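For reference, upload.cif (mmCIF, C-alpha atoms and all ligand atoms; chains and numbers go by the auth columns):
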```
data_protein
#
loop_
_atom_site.group_PDB
_atom_site.id
_atom_site.type_symbol
_atom_site.label_atom_id
_atom_site.label_comp_id
_atom_site.label_asym_id
_atom_site.label_seq_id
_atom_site.Cartn_x
_atom_site.Cartn_y
_atom_site.Cartn_z
_atom_site.B_iso_or_equiv
_atom_site.auth_seq_id
_atom_site.auth_asym_id
ATOM 1 C CA MET A 1 53.203 35.795 -69.958 0.00 95 A
ATOM 2 C CA ARG A 2 51.576 32.686 -71.480 0.00 96 A
ATOM 3 C CA ILE A 3 51.284 29.862 -68.975 0.00 97 A
ATOM 4 C CA ILE A 4 49.792 26.379 -68.809 0.00 98 A
ATOM 5 C CA LEU A 5 49.148 25.034 -65.326 0.00 99 A
ATOM 6 C CA MET A 6 48.977 21.237 -65.169 0.00 100 A
ATOM 7 C CA GLY A 7 48.451 18.635 -62.489 0.00 101 A
ATOM 8 C CA PRO A 8 45.783 16.227 -61.240 0.00 102 A
ATOM 9 C CA PRO A 9 42.362 17.496 -60.141 0.00 103 A
ATOM 10 C CA GLY A 10 42.535 18.990 -56.663 0.00 104 A
ATOM 11 C CA VAL A 11 46.305 19.494 -56.594 0.00 105 A
ATOM 12 C CA GLY A 12 45.861 23.238 -56.148 0.00 106 A
ATOM 13 C CA LYS A 13 45.860 24.433 -59.766 0.00 107 A
ATOM 14 C CA GLY A 14 42.829 26.678 -59.302 0.00 108 A
ATOM 15 C CA THR A 15 44.253 28.357 -56.197 0.00 109 A
ATOM 16 C CA GLU A 16 47.653 28.842 -57.828 0.00 110 A
ATOM 17 C CA ALA A 17 45.982 30.078 -61.012 0.00 111 A
ATOM 18 C CA GLU A 18 44.097 32.786 -59.109 0.00 112 A
ATOM 19 C CA TYR A 19 47.380 33.993 -57.633 0.00 113 A
ATOM 20 C CA LEU A 20 49.375 33.938 -60.888 0.00 114 A
ATOM 21 C CA SER A 21 46.612 35.594 -62.853 0.00 115 A
ATOM 22 C CA GLN A 22 46.628 38.506 -60.367 0.00 116 A
ATOM 23 C CA HIS A 23 50.412 38.660 -60.141 0.00 117 A
ATOM 24 C CA PHE A 24 50.922 38.821 -63.911 0.00 118 A
ATOM 25 C CA GLN A 25 47.622 40.588 -64.617 0.00 119 A
ATOM 26 C CA ILE A 26 46.613 37.967 -67.158 0.00 120 A
ATOM 27 C CA PRO A 27 43.248 36.236 -67.592 0.00 121 A
ATOM 28 C CA HIS A 28 42.757 32.892 -65.851 0.00 122 A
ATOM 29 C CA ILE A 29 41.256 30.562 -68.446 0.00 123 A
ATOM 30 C CA SER A 30 39.702 27.547 -66.759 0.00 124 A
ATOM 31 C CA THR A 31 37.737 25.416 -69.217 0.00 125 A
ATOM 32 C CA GLY A 32 36.015 23.773 -66.202 0.00 126 A
ATOM 33 C CA ASN A 33 34.828 27.196 -64.941 0.00 127 A
ATOM 34 C CA MET A 34 33.714 28.153 -68.449 0.00 128 A
ATOM 35 C CA PHE A 35 31.607 24.996 -68.730 0.00 129 A
ATOM 36 C CA ARG A 36 30.161 25.439 -65.251 0.00 130 A
ATOM 37 C CA ALA A 37 29.213 29.048 -66.059 0.00 131 A
ATOM 38 C CA MET A 38 27.035 27.717 -68.896 0.00 132 A
ATOM 39 C CA PHE A 39 25.197 25.159 -66.728 0.00 133 A
ATOM 40 C CA ASP A 40 22.495 27.382 -65.332 0.00 134 A
ATOM 41 C CA ASP A 41 21.170 28.447 -68.717 0.00 135 A
ATOM 42 C CA PRO A 42 18.877 25.645 -69.951 0.00 136 A
ATOM 43 C CA ASP A 43 18.989 27.166 -73.450 0.00 137 A
ATOM 44 C CA ASN A 44 22.763 26.912 -73.631 0.00 138 A
ATOM 45 C CA LYS A 45 23.248 23.735 -75.652 0.00 139 A
ATOM 46 C CA ILE A 46 26.976 23.416 -74.982 0.00 140 A
ATOM 47 C CA GLY A 47 26.372 23.960 -71.268 0.00 141 A
ATOM 48 C CA GLN A 48 23.839 21.146 -71.144 0.00 142 A
ATOM 49 C CA ILE A 49 26.075 18.732 -73.092 0.00 143 A
ATOM 50 C CA ALA A 50 29.059 19.591 -70.882 0.00 144 A
ATOM 51 C CA LYS A 51 26.983 19.172 -67.715 0.00 145 A
ATOM 52 C CA ALA A 52 26.279 15.534 -68.554 0.00 146 A
ATOM 53 C CA TYR A 53 29.960 14.711 -69.125 0.00 147 A
ATOM 54 C CA ILE A 54 31.160 16.646 -66.088 0.00 148 A
ATOM 55 C CA GLY A 55 28.553 14.989 -63.857 0.00 149 A
ATOM 56 C CA ARG A 56 30.000 11.628 -64.848 0.00 150 A
ATOM 57 C CA GLY A 57 33.582 12.827 -64.281 0.00 151 A
ATOM 58 C CA GLU A 58 34.370 12.358 -67.991 0.00 152 A
ATOM 59 C CA LEU A 59 36.065 14.763 -70.376 0.00 153 A
ATOM 60 C CA VAL A 60 33.837 16.975 -72.523 0.00 154 A
ATOM 61 C CA PRO A 61 34.440 16.072 -76.205 0.00 155 A
ATOM 62 C CA ASP A 62 37.517 17.704 -77.756 0.00 156 A
ATOM 63 C CA ASP A 63 35.734 19.472 -80.631 0.00 157 A
ATOM 64 C CA ILE A 64 33.517 21.378 -78.161 0.00 158 A
ATOM 65 C CA THR A 65 36.400 22.169 -75.813 0.00 159 A
ATOM 66 C CA ASN A 66 38.855 23.264 -78.509 0.00 160 A
ATOM 67 C CA GLU A 67 36.244 25.499 -80.143 0.00 161 A
ATOM 68 C CA LEU A 68 35.524 27.150 -76.779 0.00 162 A
ATOM 69 C CA VAL A 69 39.236 27.787 -76.237 0.00 163 A
ATOM 70 C CA LEU A 70 39.749 29.179 -79.732 0.00 164 A
ATOM 71 C CA GLU A 71 36.879 31.618 -79.173 0.00 165 A
ATOM 72 C CA ARG A 72 38.358 32.640 -75.811 0.00 166 A
ATOM 73 C CA LEU A 73 41.806 33.193 -77.329 0.00 167 A
ATOM 74 C CA SER A 74 40.236 35.486 -79.902 0.00 168 A
ATOM 75 C CA GLU A 75 39.087 37.941 -77.202 0.00 169 A
ATOM 76 C CA ALA A 76 41.017 41.175 -76.708 0.00 170 A
ATOM 77 C CA ASP A 77 42.145 40.676 -73.077 0.00 171 A
ATOM 78 C CA VAL A 78 44.244 37.635 -74.051 0.00 172 A
ATOM 79 C CA GLU A 79 46.654 39.817 -76.053 0.00 173 A
ATOM 80 C CA LYS A 80 48.730 40.484 -72.914 0.00 174 A
ATOM 81 C CA GLY A 81 48.943 36.793 -72.020 0.00 175 A
ATOM 82 C CA PHE A 82 46.886 34.064 -70.370 0.00 176 A
ATOM 83 C CA LEU A 83 46.984 31.248 -67.924 0.00 177 A
ATOM 84 C CA PHE A 84 45.355 27.917 -68.767 0.00 178 A
ATOM 85 C CA ASP A 85 44.064 25.814 -65.895 0.00 179 A
ATOM 86 C CA GLY A 86 42.616 22.448 -66.941 0.00 180 A
ATOM 87 C CA TYR A 87 43.505 22.720 -70.614 0.00 181 A
ATOM 88 C CA PRO A 88 44.946 20.926 -72.557 0.00 182 A
ATOM 89 C CA ARG A 89 43.669 17.712 -70.994 0.00 183 A
ATOM 90 C CA ASN A 90 44.773 15.147 -73.581 0.00 184 A
ATOM 91 C CA ILE A 91 47.242 14.908 -76.458 0.00 185 A
ATOM 92 C CA ASN A 92 44.613 15.848 -79.032 0.00 186 A
ATOM 93 C CA GLN A 93 43.930 19.114 -77.173 0.00 187 A
ATOM 94 C CA ALA A 94 47.674 19.793 -76.815 0.00 188 A
ATOM 95 C CA GLU A 95 48.041 19.454 -80.575 0.00 189 A
ATOM 96 C CA ALA A 96 45.013 21.679 -81.171 0.00 190 A
ATOM 97 C CA LEU A 97 46.491 24.296 -78.838 0.00 191 A
ATOM 98 C CA ASP A 98 49.791 24.200 -80.733 0.00 192 A
ATOM 99 C CA GLN A 99 47.899 25.006 -83.914 0.00 193 A
ATOM 100 C CA MET A 100 46.084 27.896 -82.230 0.00 194 A
ATOM 101 C CA LEU A 101 49.349 29.317 -80.882 0.00 195 A
ATOM 102 C CA GLU A 102 50.855 29.098 -84.345 0.00 196 A
ATOM 103 C CA GLN A 103 47.818 30.840 -85.792 0.00 197 A
ATOM 104 C CA PHE A 104 48.250 33.751 -83.351 0.00 198 A
ATOM 105 C CA ASP A 105 52.065 33.611 -83.601 0.00 199 A
ATOM 106 C CA TRP A 106 52.422 33.114 -79.853 0.00 200 A
ATOM 107 C CA ARG A 107 54.730 30.884 -77.837 0.00 201 A
ATOM 108 C CA LEU A 108 54.342 29.478 -74.327 0.00 202 A
ATOM 109 C CA ASP A 109 56.507 30.977 -71.557 0.00 203 A
ATOM 110 C CA ALA A 110 55.868 28.279 -68.960 0.00 204 A
ATOM 111 C CA VAL A 111 54.244 24.880 -68.528 0.00 205 A
ATOM 112 C CA ILE A 112 53.969 24.277 -64.783 0.00 206 A
ATOM 113 C CA ASN A 113 53.178 20.762 -63.591 0.00 207 A
ATOM 114 C CA ILE A 114 52.113 20.529 -59.945 0.00 208 A
ATOM 115 C CA ILE A 115 52.507 17.029 -58.515 0.00 209 A
ATOM 116 C CA ALA A 116 50.933 15.199 -55.546 0.00 210 A
ATOM 117 C CA PRO A 117 50.027 11.555 -54.841 0.00 211 A
ATOM 118 C CA ASP A 118 46.485 10.235 -55.417 0.00 212 A
ATOM 119 C CA GLU A 119 45.608 9.739 -51.693 0.00 213 A
ATOM 120 C CA MET A 120 46.304 13.396 -50.991 0.00 214 A
ATOM 121 C CA ILE A 121 44.213 14.437 -53.971 0.00 215 A
ATOM 122 C CA VAL A 122 41.169 12.471 -52.819 0.00 216 A
ATOM 123 C CA ASP A 123 41.399 14.067 -49.376 0.00 217 A
ATOM 124 C CA ARG A 124 41.741 17.571 -50.762 0.00 218 A
ATOM 125 C CA LEU A 125 38.833 17.201 -53.170 0.00 219 A
ATOM 126 C CA ALA A 126 36.541 15.784 -50.508 0.00 220 A
ATOM 127 C CA GLY A 127 37.103 18.930 -48.403 0.00 221 A
ATOM 128 C CA ARG A 128 36.974 21.416 -51.256 0.00 222 A
ATOM 129 C CA ARG A 129 34.193 24.006 -51.335 0.00 223 A
ATOM 130 C CA VAL A 130 33.638 26.642 -54.014 0.00 224 A
ATOM 131 C CA CYS A 131 31.692 29.881 -54.095 0.00 225 A
ATOM 132 C CA LYS A 132 28.531 29.435 -56.141 0.00 226 A
ATOM 133 C CA VAL A 133 28.812 33.046 -57.332 0.00 227 A
ATOM 134 C CA CYS A 134 32.493 33.672 -58.171 0.00 228 A
ATOM 135 C CA GLY A 135 34.079 30.195 -58.077 0.00 229 A
ATOM 136 C CA LYS A 136 36.654 31.124 -55.388 0.00 230 A
ATOM 137 C CA ILE A 137 38.088 27.962 -53.848 0.00 231 A
ATOM 138 C CA TYR A 138 38.100 27.045 -50.138 0.00 232 A
ATOM 139 C CA HIS A 139 38.839 23.924 -48.098 0.00 233 A
ATOM 140 C CA VAL A 140 37.075 22.840 -44.898 0.00 234 A
ATOM 141 C CA THR A 141 40.362 22.590 -43.001 0.00 235 A
ATOM 142 C CA ASN A 142 43.205 24.015 -45.136 0.00 236 A
ATOM 143 C CA ARG A 143 41.651 27.175 -46.487 0.00 237 A
ATOM 144 C CA LYS A 144 38.654 28.175 -44.428 0.00 238 A
ATOM 145 C CA PRO A 145 36.479 31.208 -45.162 0.00 239 A
ATOM 146 C CA LYS A 146 36.102 33.812 -42.390 0.00 240 A
ATOM 147 C CA VAL A 147 32.465 32.733 -41.912 0.00 241 A
ATOM 148 C CA GLU A 148 31.662 29.060 -42.444 0.00 242 A
ATOM 149 C CA GLY A 149 29.825 28.373 -45.693 0.00 243 A
ATOM 150 C CA VAL A 150 30.127 31.966 -46.951 0.00 244 A
ATOM 151 C CA CYS A 151 32.538 33.416 -49.542 0.00 245 A
ATOM 152 C CA ASP A 152 34.881 36.113 -48.167 0.00 246 A
ATOM 153 C CA ARG A 153 34.871 37.911 -51.496 0.00 247 A
ATOM 154 C CA ASP A 154 31.182 38.328 -52.287 0.00 248 A
ATOM 155 C CA GLY A 155 29.122 36.610 -49.575 0.00 249 A
ATOM 156 C CA GLY A 156 28.128 33.817 -52.013 0.00 250 A
ATOM 157 C CA LYS A 157 27.140 30.397 -50.681 0.00 251 A
ATOM 158 C CA LEU A 158 29.965 27.834 -50.593 0.00 252 A
ATOM 159 C CA ILE A 159 28.993 24.541 -52.162 0.00 253 A
ATOM 160 C CA GLN A 160 30.572 21.162 -52.882 0.00 254 A
ATOM 161 C CA ARG A 161 30.873 20.476 -56.605 0.00 255 A
ATOM 162 C CA THR A 162 28.885 17.355 -57.488 0.00 256 A
ATOM 163 C CA ASP A 163 31.952 15.998 -59.264 0.00 257 A
ATOM 164 C CA ASP A 164 33.949 16.300 -56.003 0.00 258 A
ATOM 165 C CA MET A 165 31.970 13.398 -54.506 0.00 259 A
ATOM 166 C CA GLU A 166 34.221 10.412 -53.855 0.00 260 A
ATOM 167 C CA GLU A 167 33.089 8.054 -56.607 0.00 261 A
ATOM 168 C CA THR A 168 33.359 10.744 -59.285 0.00 262 A
ATOM 169 C CA VAL A 169 36.724 11.841 -57.904 0.00 263 A
ATOM 170 C CA MET A 170 38.066 8.320 -58.388 0.00 264 A
ATOM 171 C CA ARG A 171 36.841 8.311 -61.990 0.00 265 A
ATOM 172 C CA ARG A 172 38.366 11.757 -62.636 0.00 266 A
ATOM 173 C CA LEU A 173 41.690 10.513 -61.275 0.00 267 A
ATOM 174 C CA ARG A 174 41.601 7.448 -63.498 0.00 268 A
ATOM 175 C CA ILE A 175 40.885 9.646 -66.518 0.00 269 A
ATOM 176 C CA TYR A 176 43.651 12.025 -65.457 0.00 270 A
ATOM 177 C CA ASN A 177 46.180 9.203 -65.207 0.00 271 A
ATOM 178 C CA SER A 178 45.213 7.648 -68.540 0.00 272 A
ATOM 179 C CA GLN A 179 44.533 10.737 -70.682 0.00 273 A
ATOM 180 C CA THR A 180 45.994 13.866 -69.101 0.00 274 A
ATOM 181 C CA ALA A 181 49.231 12.545 -67.594 0.00 275 A
ATOM 182 C CA PRO A 182 50.577 11.766 -71.117 0.00 276 A
ATOM 183 C CA VAL A 183 50.345 15.508 -71.897 0.00 277 A
ATOM 184 C CA ILE A 184 53.247 15.977 -69.464 0.00 278 A
ATOM 185 C CA GLY A 185 55.396 13.958 -71.871 0.00 279 A
ATOM 186 C CA TYR A 186 54.276 16.275 -74.653 0.00 280 A
ATOM 187 C CA TYR A 187 55.802 19.308 -72.880 0.00 281 A
ATOM 188 C CA GLN A 188 58.450 17.990 -70.541 0.00 282 A
ATOM 189 C CA HIS A 189 61.412 18.337 -72.878 0.00 283 A
ATOM 190 C CA SER A 190 60.673 21.990 -73.513 0.00 284 A
ATOM 191 C CA ASP A 191 62.828 24.662 -71.766 0.00 285 A
ATOM 192 C CA ALA A 192 59.635 26.150 -70.415 0.00 286 A
ATOM 193 C CA PHE A 193 58.604 23.028 -68.435 0.00 287 A
ATOM 194 C CA TYR A 194 58.721 23.133 -64.612 0.00 288 A
ATOM 195 C CA ALA A 195 57.774 20.282 -62.227 0.00 289 A
ATOM 196 C CA ILE A 196 56.576 21.616 -58.860 0.00 290 A
ATOM 197 C CA ASP A 197 55.955 19.736 -55.604 0.00 291 A
ATOM 198 C CA GLY A 198 52.312 20.238 -54.618 0.00 292 A
ATOM 199 C CA THR A 199 52.345 18.215 -51.391 0.00 293 A
ATOM 200 C CA GLY A 200 53.131 21.111 -49.043 0.00 294 A
ATOM 201 C CA THR A 201 51.062 24.131 -48.085 0.00 295 A
ATOM 202 C CA ILE A 202 49.565 26.535 -50.624 0.00 296 A
ATOM 203 C CA LYS A 203 52.361 28.958 -49.708 0.00 297 A
ATOM 204 C CA ASN A 204 55.079 26.324 -50.315 0.00 298 A
ATOM 205 C CA THR A 205 53.672 25.521 -53.750 0.00 299 A
ATOM 206 C CA ASN A 206 53.314 29.171 -54.566 0.00 300 A
ATOM 207 C CA ASN A 207 56.903 29.959 -53.529 0.00 301 A
ATOM 208 C CA ALA A 208 58.205 27.088 -55.658 0.00 302 A
ATOM 209 C CA VAL A 209 56.239 28.297 -58.681 0.00 303 A
ATOM 210 C CA MET A 210 57.446 31.890 -58.281 0.00 304 A
ATOM 211 C CA LYS A 211 61.033 30.691 -57.919 0.00 305 A
ATOM 212 C CA ALA A 212 60.751 28.581 -61.083 0.00 306 A
ATOM 213 C CA LEU A 213 59.434 31.617 -62.948 0.00 307 A
ATOM 214 C CA GLY A 214 62.251 33.825 -61.594 0.00 308 A
ATOM 215 C CA GLU A 215 59.722 36.028 -59.757 0.00 309 A
ATOM 216 C CA ASP A 216 60.935 35.398 -56.206 0.00 310 A
ATOM 217 C CA LYS A 217 63.220 38.428 -55.891 0.00 311 A
HETATM 218 P P1 LIG B . 38.059 21.269 -63.677 0.00 401 B
HETATM 219 O O1 LIG B . 37.282 22.404 -63.099 0.00 401 B
HETATM 220 O O2 LIG B . 39.229 21.729 -64.481 0.00 401 B
HETATM 221 O O3 LIG B . 38.417 20.229 -62.658 0.00 401 B
HETATM 222 O O4 LIG B . 37.088 20.545 -64.728 0.00 401 B
HETATM 223 C C1 LIG B . 35.889 19.932 -64.309 0.00 401 B
HETATM 224 C C2 LIG B . 35.347 19.054 -65.398 0.00 401 B
HETATM 225 O O5 LIG B . 35.100 19.844 -66.576 0.00 401 B
HETATM 226 C C3 LIG B . 36.286 17.951 -65.867 0.00 401 B
HETATM 227 O O6 LIG B . 36.219 16.804 -65.037 0.00 401 B
HETATM 228 C C4 LIG B . 35.743 17.692 -67.269 0.00 401 B
HETATM 229 O O7 LIG B . 34.547 16.949 -67.218 0.00 401 B
HETATM 230 C C5 LIG B . 35.396 19.103 -67.746 0.00 401 B
HETATM 231 N N1 LIG B . 36.559 19.749 -68.406 0.00 401 B
HETATM 232 C C6 LIG B . 37.264 20.828 -67.958 0.00 401 B
HETATM 233 N N2 LIG B . 38.268 21.125 -68.795 0.00 401 B
HETATM 234 C C7 LIG B . 38.209 20.217 -69.792 0.00 401 B
HETATM 235 C C8 LIG B . 38.992 19.965 -70.946 0.00 401 B
HETATM 236 N N3 LIG B . 40.073 20.712 -71.237 0.00 401 B
HETATM 237 N N4 LIG B . 38.623 18.929 -71.755 0.00 401 B
HETATM 238 C C9 LIG B . 37.544 18.171 -71.479 0.00 401 B
HETATM 239 N N5 LIG B . 36.785 18.332 -70.389 0.00 401 B
HETATM 240 C C10 LIG B . 37.102 19.341 -69.547 0.00 401 B
#
```
Would you mind writing the structure in this file as structure tokens?
Ligand code: AMP
Amino acid sequence: MRIILMGPPGVGKGTEAEYLSQHFQIPHISTGNMFRAMFDDPDNKIGQIAKAYIGRGELVPDDITNELVLERLSEADVEKGFLFDGYPRNINQAEALDQMLEQFDWRLDAVINIIAPDEMIVDRLAGRRVCKVCGKIYHVTNRKPKVEGVCDRDGGKLIQRTDDMEETVMRRLRIYNSQTAPVIGYYQHSDAFYAIDGTGTIKNTNNAVMKALGEDK
């Protein structure tokens, strides 16, 4: 299964991606997580460049991002499929991905676009917390950990991403609407495109995605 998960920041892509990656046993490729994993190493040049862009809520330059994705797609575990979360984020990246797929002789099975209005997104991002160790996603009211501030999976500390602060969220949304939303047009006429309502609960969204993929039996 080769899947792209699309939608504005905070719509629930990461949560849905975790589920789908387990269900289909395919790697979850989040370019955001890959960049964040490089942050802590001061010698990692790409990590330090990415950190500056991410801190401002801007997109990391395409040449860096596309190169990272190409390297990831060259790893052995991707043979059985993959799920992209947060890539491609503009038309240039969508075109670069098409070239990579052609190079590997792969086609996409599904492009899933999860939709929710901006006000809901701002609220969800403000309450989002992530595990500093494994990146698992929580929410202060909608998806609480068993113990406040602590990851259920590995006991890691739950933190608020600096780019989830309100001002940066607004900038990320503006960038999403101007640069990433046009990518929907790039895919929406394909048979593999599915628009999913992301305004309900995590379970509602998940059921709708599974139904679209014919996995609800
Ligand atoms: P995410 O975790 O997907 O919300 O990504 C967090 C931040 O990482 C974004 O706001 C961008 O600054 C950067 N980023 C993640 N994926 C990409 C991408 N495909 N292209 C450019 N920047 C990205």
Determine, counting all atoms listed in the file, which protein, DNA and RNA residues have an atom within 10 Å of an atom of Ser115 in chain A; residues of the same chain fewer than 3 positions away are not included. Present the result as a list in words.
-> Met95, Ile97, Glu110, Ala111, Glu112, Phe118, Gln119, Ile120, Pro121, His122, Ile123, Gly175, Phe176, Leu177 and Phe178 of chain A
May I ask you to write as a VMD selection string all residues lying at most 7 Å from ligand LIG 401 (chain B), with all atoms listed in the file counted?
-> chain A and resid 103 124 to 127 129 147 to 148 151 to 156 159 179 to 183 266
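Put simply, the PyMOL selection byres (((chain A and resi 265) around 12) and not hetatm) in this file takes in Pro102, Pro103, Tyr147, Ile148, Gly149, Arg150, Gly151, Glu152, Leu153, Asp212, Val216, Asp257, Asp258, Met259, Glu260, Glu261, Thr262, Val263, Met264, Arg266, Leu267, Arg268, Ile269, Tyr270, Asn271, Ser272 and Gln273 of chain A.
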Distance query 9 Å from (53.5, 24.6, -74.8) using only C-alpha atoms, result as number ranges by chain = A: 96-98, 188, 191-192, 195, 201-205, 280-281, 284, 286-287
Could you tell me which of A:His233, A:Ala170, A:Asn184, A:Asp310 comes closest to Pro276 in chain A if we count all atoms listed in the file?
->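 Between A:His233, A:Ala170, A:Asn184, A:Asp310, the residue approaching Pro276 in chain A most closely is A:Asn184.
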Given only C-alpha atoms as the counted atoms, nearest of A:Ala144, A:Ile278, A:Val163, A:Ile206 to Leu307 in chain A |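 Selected residue with least distance to Leu307 in chain A: A:Ile206.
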